[in-house]
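*Asks:* Let me give you the structure first, and then I'll get to my questions.
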Amino acid sequence: MQSWIDSANRADGPFPVQNLPYGIFSRDPALQEPVCGVAIGDMILDLAVLEQAGLMDMGNGPVFDLPFLNGFMELGPEAWTGLRQYLTEILRKGGDDALSGNPELQKAALFPLADATMFMPFLVAEFTDFYASKHHATHVGTLFRGAENALPPNWLHMPIGYNGRASSVVVSGSDIHRPMGQIKPDDAETPHFGPAQRVDFELELGAVIGVATEMGQPVSTAQADKMIFGYVLLNDWSARDIQAWEYQPLGPFQAKAFGTSISPWVVPKAALERLRCKAVAPDKPLLPYLSEQKPGLYDITLEASIQPENATRATTICRTNYNRMYYSSAQQLAHHASSGCPMNCGDLLGSGTISGPETSEYGSLLEKSEAGQKPFILDTGETRTFIEDYDRITLTGWAQGDGYRIGFGECTGRIIPPLPEPDWKN
Ligand code: MN
């Protein structure tokens with residue numbers, strides 16, 4: 001299937017007509033409130049314009065002339081499918097000519113992607129992050145507890161997670177201040193307070209939840225899968241020195257609370273349907289509430305790169321695949337709701353760091369530098385163990401279809417110095 005918009009037909013382009021990811025954009029943030037759009041080739045299709053033109057009536061009033069996707073997301077899977085079918089029809093070559101045959105409407109509704117300012121795609125209700133790659137958990141566990149005790153005893157029975165902060169989830173392009181916190185070096189008797197020295201990234205995929213559940217109501221993995229609207233790239237920035245001192249016994253807190261970056265485009269789950277793949281068979285049988293009939297993972301190539309402030313190019317530091325995961329997002333969501341915890345439209349579930357078995361597949365610097373013991377060399381000749389000020393970390397991802405790519409765009413951000421400390425006595 002091809003689009004009449006030529007730029008959408010490049011075999012290696014991220015946004016063909018088979019993708020149609022949703023985002024929030026503005027033509028000029030000083031003049032226009034951001035609205036909902038769909039990426040197609042080099043253009044953004046302004047959904048608010050189509051809605052105003054009366055081409056798409058989603059029922060109860062406008063849902064696209066809004067600076068977030070939640071209004072559309074909460075309409076549910078039937079509305080998602082209906083709109084996707086309609087957009088495919090008006091954007092494919094040989095389909096409905098409501099847009100292709102109307103130059104005036106095209107002029108109003110299509111805007112160059114390169115000239116747009118992108119915003120947070122949805123209001124994040126709550127953010128939960130998991131620890132669901134066995135390769136990552138094994139590497140990290142081995143570094144901290146030795147190979148014998150690498151995986152905690154519960155790991156093969158449930159997707160382990162923690163409740164993160166929605167307040168610090170930001171869109172790609174936002175700078176993140178190096179966090180301050182309590183740090184206790186191994187050879188120190190007592191902790192000190194200061195800027196984290198071991199700031200890291202985590203390469204993750206974020207599942208965006210569209211359908212809410214009732215408090216008290218568990219869901220099956222099949223129901224959970226239907227509740228997922230789409231996926232974004234997610235960088236769960238982490239301060240390893242703060243984490244090492246604070247994490248026992250309740251898990252990460254300030255080490256992860258200072259920032260999480262997501263890509264601006266939400267790739268619809270529907271665009272990935274044909275690229276589903278099975279997780280490896282579990283090492284131990286899972287309890288029935290976590291069993292999955294449908295293959296729960298996707299074949300998505302994921303990359304991370306680092307670019308120091310004055311470097312002319314970025315160095316790729318990780319290339320892995322989402323099919324390396326042990327637990328799927330549907331299993332994570334079913335586990336999250338299993339106690340009766342209500343899930344809301346706009347909940348964001350981080351997959352957990354995605355790592356593969358090879359050293360080139362390590363989705364964090366904690367793994368790559370072996371907890372800081374083994375510096376690695378960038379293409380520029382510089383060395384790194386963790387992230388330095390003004391280093392840029394960029395995540396990219398794409399799923400290869402038959403002659404097209406479902407691209408995620410990118411999720412990028414820099415670590416910048418901390419803000420000045422307050423006067424602690426006043
Ligand atoms: Mn994480």
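Each chain in the structure tokens gets a letter, A, B and so on, in the order shown; residues start at 1 in every chain, and ligands are counted from 1 in the order they appear.
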Return as a Markdown table the residues of region 222-265 of chain A lying at most 12 Å from region 355-369 of chain A, together with the closest atom-to-atom pair for each and the distance in Å to one decimal, counting only C-alpha atoms, with rows in chain order and ascending residue number.
*Replies:*
```
| residue | atom | partner | partner_atom | distance |
| --- | --- | --- | --- | --- |
| A:Leu234 | CA | A:Gly363 | CA | 11.5 |
| A:Asn235 | CA | A:Ser364 | CA | 9.9 |
| A:Asp236 | CA | A:Ser364 | CA | 9.8 |
| A:Trp237 | CA | A:Ser364 | CA | 9.6 |
| A:Ser238 | CA | A:Ser364 | CA | 9.4 |
| A:Ala239 | CA | A:Leu366 | CA | 10.0 |
| A:Arg240 | CA | A:Leu366 | CA | 7.7 |
| A:Asp241 | CA | A:Leu366 | CA | 10.6 |
| A:Gln243 | CA | A:Leu366 | CA | 11.7 |
| A:Ala244 | CA | A:Leu366 | CA | 11.6 |
```
*Asks:* Could you please extract the residues within 8 Å of ligand 1, counting only C-alpha atoms and all ligand atoms, and hand them back as a ChimeraX atom specification?
*Replies:* /A:129-131,202-204,235-238,256,350-353
*Asks:* Hey, can you spit out that residue selection with N, CA, C and O atoms as a compact mmCIF listing (two decimals), in the first residue's frame?
*Replies:*
```txt
# COMPACT_ATOMS: atom_id res chain seq x y z
N ASP A 129 7.20 1.98 36.16
CA ASP A 129 8.32 1.43 35.41
C ASP A 129 8.62 0.01 35.87
O ASP A 129 8.53 -0.29 37.06
N PHE A 130 8.95 -0.84 34.91
CA PHE A 130 9.19 -2.25 35.21
C PHE A 130 10.67 -2.61 35.05
O PHE A 130 11.51 -1.74 34.74
N TYR A 131 10.95 -3.87 35.26
CA TYR A 131 12.33 -4.39 35.27
C TYR A 131 12.22 -5.77 34.63
O TYR A 131 12.38 -6.77 35.27
N GLU A 202 18.23 4.73 30.37
CA GLU A 202 17.71 3.38 30.22
C GLU A 202 16.88 3.36 28.94
O GLU A 202 15.94 4.15 28.80
N LEU A 203 17.24 2.49 28.03
CA LEU A 203 16.53 2.33 26.76
C LEU A 203 15.28 1.49 27.01
O LEU A 203 15.38 0.32 27.37
N GLU A 204 14.10 2.13 26.83
CA GLU A 204 12.85 1.42 27.12
C GLU A 204 11.80 1.76 26.08
O GLU A 204 11.92 2.72 25.32
N ASN A 235 13.11 7.02 27.70
CA ASN A 235 14.40 7.03 28.39
C ASN A 235 14.16 7.29 29.86
O ASN A 235 13.78 8.39 30.26
N ASP A 236 14.38 6.27 30.66
CA ASP A 236 14.20 6.37 32.11
C ASP A 236 15.55 6.77 32.73
O ASP A 236 16.30 5.92 33.20
N TRP A 237 15.84 8.09 32.69
CA TRP A 237 17.11 8.60 33.23
C TRP A 237 17.27 8.12 34.68
O TRP A 237 16.29 8.13 35.45
N SER A 238 18.48 7.73 35.03
CA SER A 238 18.71 7.14 36.35
C SER A 238 20.02 7.63 36.94
O SER A 238 21.00 7.77 36.22
N LYS A 256 15.27 8.05 40.21
CA LYS A 256 14.52 7.93 38.97
C LYS A 256 13.49 9.04 38.82
O LYS A 256 12.81 9.11 37.80
N GLY A 350 6.49 1.83 31.61
CA GLY A 350 7.82 1.62 31.05
C GLY A 350 8.14 0.14 31.03
O GLY A 350 7.91 -0.56 32.02
N SER A 351 8.67 -0.33 29.90
CA SER A 351 8.96 -1.76 29.75
C SER A 351 10.02 -2.24 30.72
O SER A 351 10.10 -3.41 31.06
N GLY A 352 10.86 -1.31 31.20
CA GLY A 352 12.11 -1.69 31.85
C GLY A 352 13.21 -1.66 30.80
O GLY A 352 12.92 -1.76 29.60
N THR A 353 14.44 -1.47 31.26
CA THR A 353 15.58 -1.40 30.34
C THR A 353 15.61 -2.62 29.44
O THR A 353 15.49 -3.74 29.91
```
*Asks:* Dump as JSON lines the rows for residues of region 310-341 of chain A within 9 Å of region 372-386 of chain A: closest atom pair and distance in Å with one decimal, only C-alpha atoms counted, ordered by chain and rising residue number.
*Replies:*
```
{"residue": "A:Ala311", "atom": "CA", "partner": "A:Thr380", "partner_atom": "CA", "distance": 6.7}
{"residue": "A:Thr312", "atom": "CA", "partner": "A:Thr380", "partner_atom": "CA", "distance": 8.4}
{"residue": "A:Arg313", "atom": "CA", "partner": "A:Thr380", "partner_atom": "CA", "distance": 8.0}
{"residue": "A:Ala314", "atom": "CA", "partner": "A:Asp379", "partner_atom": "CA", "distance": 7.7}
{"residue": "A:Thr315", "atom": "CA", "partner": "A:Asp379", "partner_atom": "CA", "distance": 5.7}
{"residue": "A:Thr316", "atom": "CA", "partner": "A:Leu378", "partner_atom": "CA", "distance": 8.5}
{"residue": "A:Ile317", "atom": "CA", "partner": "A:Leu378", "partner_atom": "CA", "distance": 8.5}
```
*Asks:* Output all heavy atoms for every residue in the selection just made, as a PDB file, in the first residue's frame.
*Replies:*
```pdb
ATOM      1  N   ALA A 311      30.957  17.343  19.938  1.00  0.00           N
ATOM      2  CA  ALA A 311      31.185  16.300  18.936  1.00  0.00           C
ATOM      3  C   ALA A 311      30.338  16.572  17.699  1.00  0.00           C
ATOM      4  O   ALA A 311      29.204  17.034  17.807  1.00  0.00           O
ATOM      5  CB  ALA A 311      30.833  14.937  19.527  1.00  0.00           C
ATOM      6  N   THR A 312      30.901  16.295  16.525  1.00  0.00           N
ATOM      7  CA  THR A 312      30.147  16.535  15.295  1.00  0.00           C
ATOM      8  C   THR A 312      29.189  15.389  15.012  1.00  0.00           C
ATOM      9  O   THR A 312      28.266  15.531  14.220  1.00  0.00           O
ATOM     10  CB  THR A 312      31.096  16.714  14.095  1.00  0.00           C
ATOM     11  OG1 THR A 312      32.017  15.621  14.081  1.00  0.00           O
ATOM     12  CG2 THR A 312      31.851  18.020  14.195  1.00  0.00           C
ATOM     13  N   ARG A 313      29.435  14.235  15.639  1.00  0.00           N
ATOM     14  CA  ARG A 313      28.484  13.153  15.429  1.00  0.00           C
ATOM     15  C   ARG A 313      28.302  12.310  16.677  1.00  0.00           C
ATOM     16  O   ARG A 313      29.125  12.328  17.594  1.00  0.00           O
ATOM     17  CB  ARG A 313      28.900  12.288  14.241  1.00  0.00           C
ATOM     18  CG  ARG A 313      30.176  11.513  14.424  1.00  0.00           C
ATOM     19  CD  ARG A 313      30.631  10.969  13.080  1.00  0.00           C
ATOM     20  NE  ARG A 313      31.369   9.704  13.199  1.00  0.00           N
ATOM     21  CZ  ARG A 313      30.804   8.525  13.207  1.00  0.00           C
ATOM     22  NH1 ARG A 313      29.496   8.397  13.134  1.00  0.00           N
ATOM     23  NH2 ARG A 313      31.549   7.437  13.300  1.00  0.00           N
ATOM     24  N   ALA A 314      27.206  11.561  16.666  1.00  0.00           N
ATOM     25  CA  ALA A 314      26.875  10.722  17.813  1.00  0.00           C
ATOM     26  C   ALA A 314      27.524   9.349  17.650  1.00  0.00           C
ATOM     27  O   ALA A 314      27.750   8.891  16.529  1.00  0.00           O
ATOM     28  CB  ALA A 314      25.363  10.584  17.909  1.00  0.00           C
ATOM     29  N   THR A 315      27.807   8.691  18.752  1.00  0.00           N
ATOM     30  CA  THR A 315      28.323   7.320  18.744  1.00  0.00           C
ATOM     31  C   THR A 315      27.206   6.375  19.173  1.00  0.00           C
ATOM     32  O   THR A 315      26.611   6.566  20.242  1.00  0.00           O
ATOM     33  CB  THR A 315      29.492   7.173  19.750  1.00  0.00           C
ATOM     34  OG1 THR A 315      30.517   8.103  19.401  1.00  0.00           O
ATOM     35  CG2 THR A 315      30.054   5.762  19.753  1.00  0.00           C
ATOM     36  N   THR A 316      26.915   5.395  18.333  1.00  0.00           N
ATOM     37  CA  THR A 316      25.908   4.395  18.715  1.00  0.00           C
ATOM     38  C   THR A 316      26.488   3.533  19.834  1.00  0.00           C
ATOM     39  O   THR A 316      27.589   3.002  19.704  1.00  0.00           O
ATOM     40  CB  THR A 316      25.539   3.520  17.504  1.00  0.00           C
ATOM     41  OG1 THR A 316      25.009   4.377  16.493  1.00  0.00           O
ATOM     42  CG2 THR A 316      24.501   2.466  17.873  1.00  0.00           C
ATOM     43  N   ILE A 317      25.752   3.423  20.937  1.00  0.00           N
ATOM     44  CA  ILE A 317      26.282   2.642  22.056  1.00  0.00           C
ATOM     45  C   ILE A 317      25.448   1.403  22.343  1.00  0.00           C
ATOM     46  O   ILE A 317      25.847   0.565  23.141  1.00  0.00           O
ATOM     47  CB  ILE A 317      26.423   3.495  23.343  1.00  0.00           C
ATOM     48  CG1 ILE A 317      25.204   4.383  23.549  1.00  0.00           C
ATOM     49  CG2 ILE A 317      27.698   4.327  23.293  1.00  0.00           C
ATOM     50  CD1 ILE A 317      25.251   5.199  24.819  1.00  0.00           C
TER      51      ILE A 317
END
```
*Asks:* When you look at Val208 (chain A) with a cut-off of 9 Å (counting only C-alpha atoms), what residues show up, excluding the ones that are within fewer than 6 positions of it in the same chain? I need them as a PyMOL selection string.
*Replies:* chain A and resi 122+124+227-232+266+345-349
*Asks:* Tell me, which residues of region 97-226 of chain A carry DSSP strand (DSSP E), written as a VMD selection string?
*Replies:* chain A and resid 110 to 112 117 to 119 127 to 130 161 to 163 169 to 171 176 to 177 180 to 183 192 to 195 199 to 200 203 to 209
*Asks:* Skipping near chain neighbours, those fewer than 3 positions away, what residues fall within 8 Å of Met215 (chain A) using only C-alpha atoms, listed as a VMD selection string?
*Replies:* chain A and resid 340 to 343
*Asks:* Within 10 Å of Gly94 (chain A), counting only C-alpha atoms, which residues show up once you throw out same-chain ones fewer than 4 positions away? Write them as a ChimeraX atom specification, please.
*Replies:* /A:1-4,89-90,100
*Asks:* Mind checking which residues fall within 6 Å of region 40-56 of chain A, counting only C-alpha atoms, ignoring those fewer than 3 positions away in the same chain, and posting them as a PDB file with N, CA and C atoms, in the first residue's frame?
*Replies:*
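Result saved to part_36.pdb:
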```pdb
ATOM      1  N   SER A   7       6.440  11.487  -0.051  1.00  0.00           N
ATOM      2  CA  SER A   7       7.467  11.321   0.984  1.00  0.00           C
ATOM      3  C   SER A   7       7.141  10.175   1.946  1.00  0.00           C
ATOM      4  N   ALA A   8       5.901   9.686   1.912  1.00  0.00           N
ATOM      5  CA  ALA A   8       5.511   8.578   2.793  1.00  0.00           C
ATOM      6  C   ALA A   8       5.879   7.224   2.191  1.00  0.00           C
ATOM      7  N   PHE A  15       7.567   7.169   8.643  1.00  0.00           N
ATOM      8  CA  PHE A  15       6.129   7.408   8.759  1.00  0.00           C
ATOM      9  C   PHE A  15       5.353   7.114   7.477  1.00  0.00           C
ATOM     10  N   PRO A  16       5.330   5.853   7.045  1.00  0.00           N
ATOM     11  CA  PRO A  16       4.520   5.479   5.874  1.00  0.00           C
ATOM     12  C   PRO A  16       3.038   5.425   6.250  1.00  0.00           C
ATOM     13  N   CYS A  36      -3.878  18.045  17.875  1.00  0.00           N
ATOM     14  CA  CYS A  36      -3.547  16.660  17.535  1.00  0.00           C
ATOM     15  C   CYS A  36      -3.230  16.530  16.047  1.00  0.00           C
ATOM     16  N   GLY A  37      -2.208  15.748  15.745  1.00  0.00           N
ATOM     17  CA  GLY A  37      -1.856  15.494  14.360  1.00  0.00           C
ATOM     18  C   GLY A  37      -1.385  14.062  14.160  1.00  0.00           C
ATOM     19  N   PHE A  64      -9.927  16.653  18.819  1.00  0.00           N
ATOM     20  CA  PHE A  64      -8.585  16.865  18.254  1.00  0.00           C
ATOM     21  C   PHE A  64      -8.089  18.303  18.381  1.00  0.00           C
ATOM     22  N   ASP A  65      -8.999  19.238  18.655  1.00  0.00           N
ATOM     23  CA  ASP A  65      -8.595  20.623  18.856  1.00  0.00           C
ATOM     24  C   ASP A  65      -8.195  20.800  20.329  1.00  0.00           C
ATOM     25  N   ALA A 109      -4.644  21.530   5.956  1.00  0.00           N
ATOM     26  CA  ALA A 109      -4.494  20.409   6.892  1.00  0.00           C
ATOM     27  C   ALA A 109      -3.099  19.787   6.917  1.00  0.00           C
ATOM     28  N   LEU A 110      -2.269  20.004   5.895  1.00  0.00           N
ATOM     29  CA  LEU A 110      -0.940  19.373   5.879  1.00  0.00           C
ATOM     30  C   LEU A 110       0.128  20.411   6.206  1.00  0.00           C
ATOM     31  N   PHE A 111       0.991  20.077   7.130  1.00  0.00           N
ATOM     32  CA  PHE A 111       2.022  21.013   7.578  1.00  0.00           C
ATOM     33  C   PHE A 111       3.363  20.279   7.622  1.00  0.00           C
ATOM     34  N   PRO A 112       4.468  20.930   7.163  1.00  0.00           N
ATOM     35  CA  PRO A 112       5.766  20.226   7.159  1.00  0.00           C
ATOM     36  C   PRO A 112       6.220  19.862   8.570  1.00  0.00           C
ATOM     37  N   LEU A 113       6.531  18.596   8.732  1.00  0.00           N
ATOM     38  CA  LEU A 113       6.970  18.076  10.025  1.00  0.00           C
ATOM     39  C   LEU A 113       8.194  18.841  10.543  1.00  0.00           C
TER      40      LEU A 113
END
```
*Asks:* Do a neighbour search on Pro285 (chain A) at 10 Å with only C-alpha atoms, toss out local chain neighbours closer than 4 positions, and write the hits as number ranges by chain.
*Replies:* A: 156-157, 281, 290-291
*Asks:* Please, could you write that set of residues out with N, CA and C atoms as a short mmCIF file (atom, residue, chain, number, x, y, z; two decimals), in the first residue's frame?
*Replies:*
```cif
data_model
loop_
_atom_site.label_atom_id
_atom_site.label_comp_id
_atom_site.auth_asym_id
_atom_site.auth_seq_id
_atom_site.Cartn_x
_atom_site.Cartn_y
_atom_site.Cartn_z
N LEU A 156 11.31 -14.51 38.24
CA LEU A 156 10.76 -15.40 37.21
C LEU A 156 9.26 -15.66 37.38
N HIS A 157 8.67 -15.05 38.41
CA HIS A 157 7.24 -15.27 38.68
C HIS A 157 6.36 -14.06 38.41
N ALA A 281 10.17 -19.00 25.83
CA ALA A 281 9.36 -19.75 26.79
C ALA A 281 9.86 -19.41 28.19
N LEU A 290 -1.06 -14.46 34.43
CA LEU A 290 -0.01 -13.87 33.58
C LEU A 290 0.17 -14.62 32.26
N SER A 291 -0.66 -15.65 32.04
CA SER A 291 -0.49 -16.43 30.81
C SER A 291 -0.96 -15.59 29.63
#
```
*Asks:* Here is a test: counting only C-alpha atoms, which residue of A:Leu123, A:Leu83, A:Ile306, A:Val199 is nearest to Ala371 (chain A)?
*Replies:* A:Val199
*Asks:* Go through A:Ala222, A:Ala255, A:Leu272, A:Val211 one by one, measure the shortest atom-to-atom distance of each to Pro179 (chain A) using only C-alpha atoms, and give the residue with the smallest value.
*Replies:*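 Distance minimum relative to Pro179 (chain A) lands on A:Ala255.
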*Asks:* Could you tell me, as a ChimeraX atom specification, which residues of region 308-380 of chain A DSSP assigns to helix (DSSP H, G or I) when given the backbone?
*Replies:* /A:322-324,329-337,359-361,365-368
*Asks:* Using N, CA and C atoms, can you write the selected residues to a file as a compact mmCIF listing (two decimals), in the first residue's frame?
*Replies:*
```txt
# COMPACT_ATOMS: atom_id res chain seq x y z
N TYR A 322 13.20 -5.12 20.95
CA TYR A 322 12.15 -5.28 21.95
C TYR A 322 11.77 -6.76 22.12
N ASN A 323 12.06 -7.59 21.11
CA ASN A 323 11.72 -9.01 21.24
C ASN A 323 12.62 -9.74 22.24
N ARG A 324 13.59 -9.02 22.84
CA ARG A 324 14.44 -9.58 23.90
C ARG A 324 13.75 -9.65 25.26
N SER A 329 4.10 -5.93 27.68
CA SER A 329 3.32 -4.84 28.30
C SER A 329 1.96 -5.33 28.78
N ALA A 330 1.35 -6.25 28.02
CA ALA A 330 0.04 -6.78 28.44
C ALA A 330 0.18 -7.53 29.76
N GLN A 331 1.26 -8.29 29.91
CA GLN A 331 1.48 -8.99 31.19
C GLN A 331 1.74 -7.99 32.32
N GLN A 332 2.47 -6.94 32.01
CA GLN A 332 2.76 -5.93 33.03
C GLN A 332 1.48 -5.23 33.46
N LEU A 333 0.63 -4.93 32.48
CA LEU A 333 -0.63 -4.25 32.78
C LEU A 333 -1.56 -5.17 33.58
N ALA A 334 -1.63 -6.44 33.18
CA ALA A 334 -2.47 -7.40 33.91
C ALA A 334 -1.97 -7.54 35.35
N HIS A 335 -0.64 -7.55 35.50
CA HIS A 335 -0.08 -7.65 36.85
C HIS A 335 -0.40 -6.39 37.66
N HIS A 336 -0.31 -5.24 37.02
CA HIS A 336 -0.54 -3.96 37.70
C HIS A 336 -1.97 -3.88 38.22
N ALA A 337 -2.93 -4.39 37.43
CA ALA A 337 -4.35 -4.31 37.83
C ALA A 337 -4.76 -5.50 38.70
N THR A 359 27.31 -7.64 24.35
CA THR A 359 27.72 -6.35 24.94
C THR A 359 27.21 -5.17 24.10
N SER A 360 27.05 -5.38 22.79
CA SER A 360 26.53 -4.30 21.94
C SER A 360 25.05 -4.06 22.17
N GLU A 361 24.41 -4.89 22.98
CA GLU A 361 22.96 -4.80 23.21
C GLU A 361 22.62 -4.31 24.62
N LEU A 365 24.28 2.43 30.59
CA LEU A 365 25.73 2.55 30.79
C LEU A 365 26.18 1.76 32.00
N LEU A 366 25.28 1.53 32.94
CA LEU A 366 25.59 0.69 34.09
C LEU A 366 26.13 -0.66 33.62
N GLU A 367 25.47 -1.22 32.60
CA GLU A 367 25.93 -2.49 32.04
C GLU A 367 27.17 -2.28 31.17
N LYS A 368 27.11 -1.25 30.30
CA LYS A 368 28.18 -1.06 29.33
C LYS A 368 29.53 -0.78 29.99
```
*Asks:* Provide the CA of Gly181 (chain A) to CA of Pro422 (chain A) distance in Å, to one decimal place.
*Replies:*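 Separation between CA of Gly181 (chain A) and CA of Pro422 (chain A): 13.6 Å.
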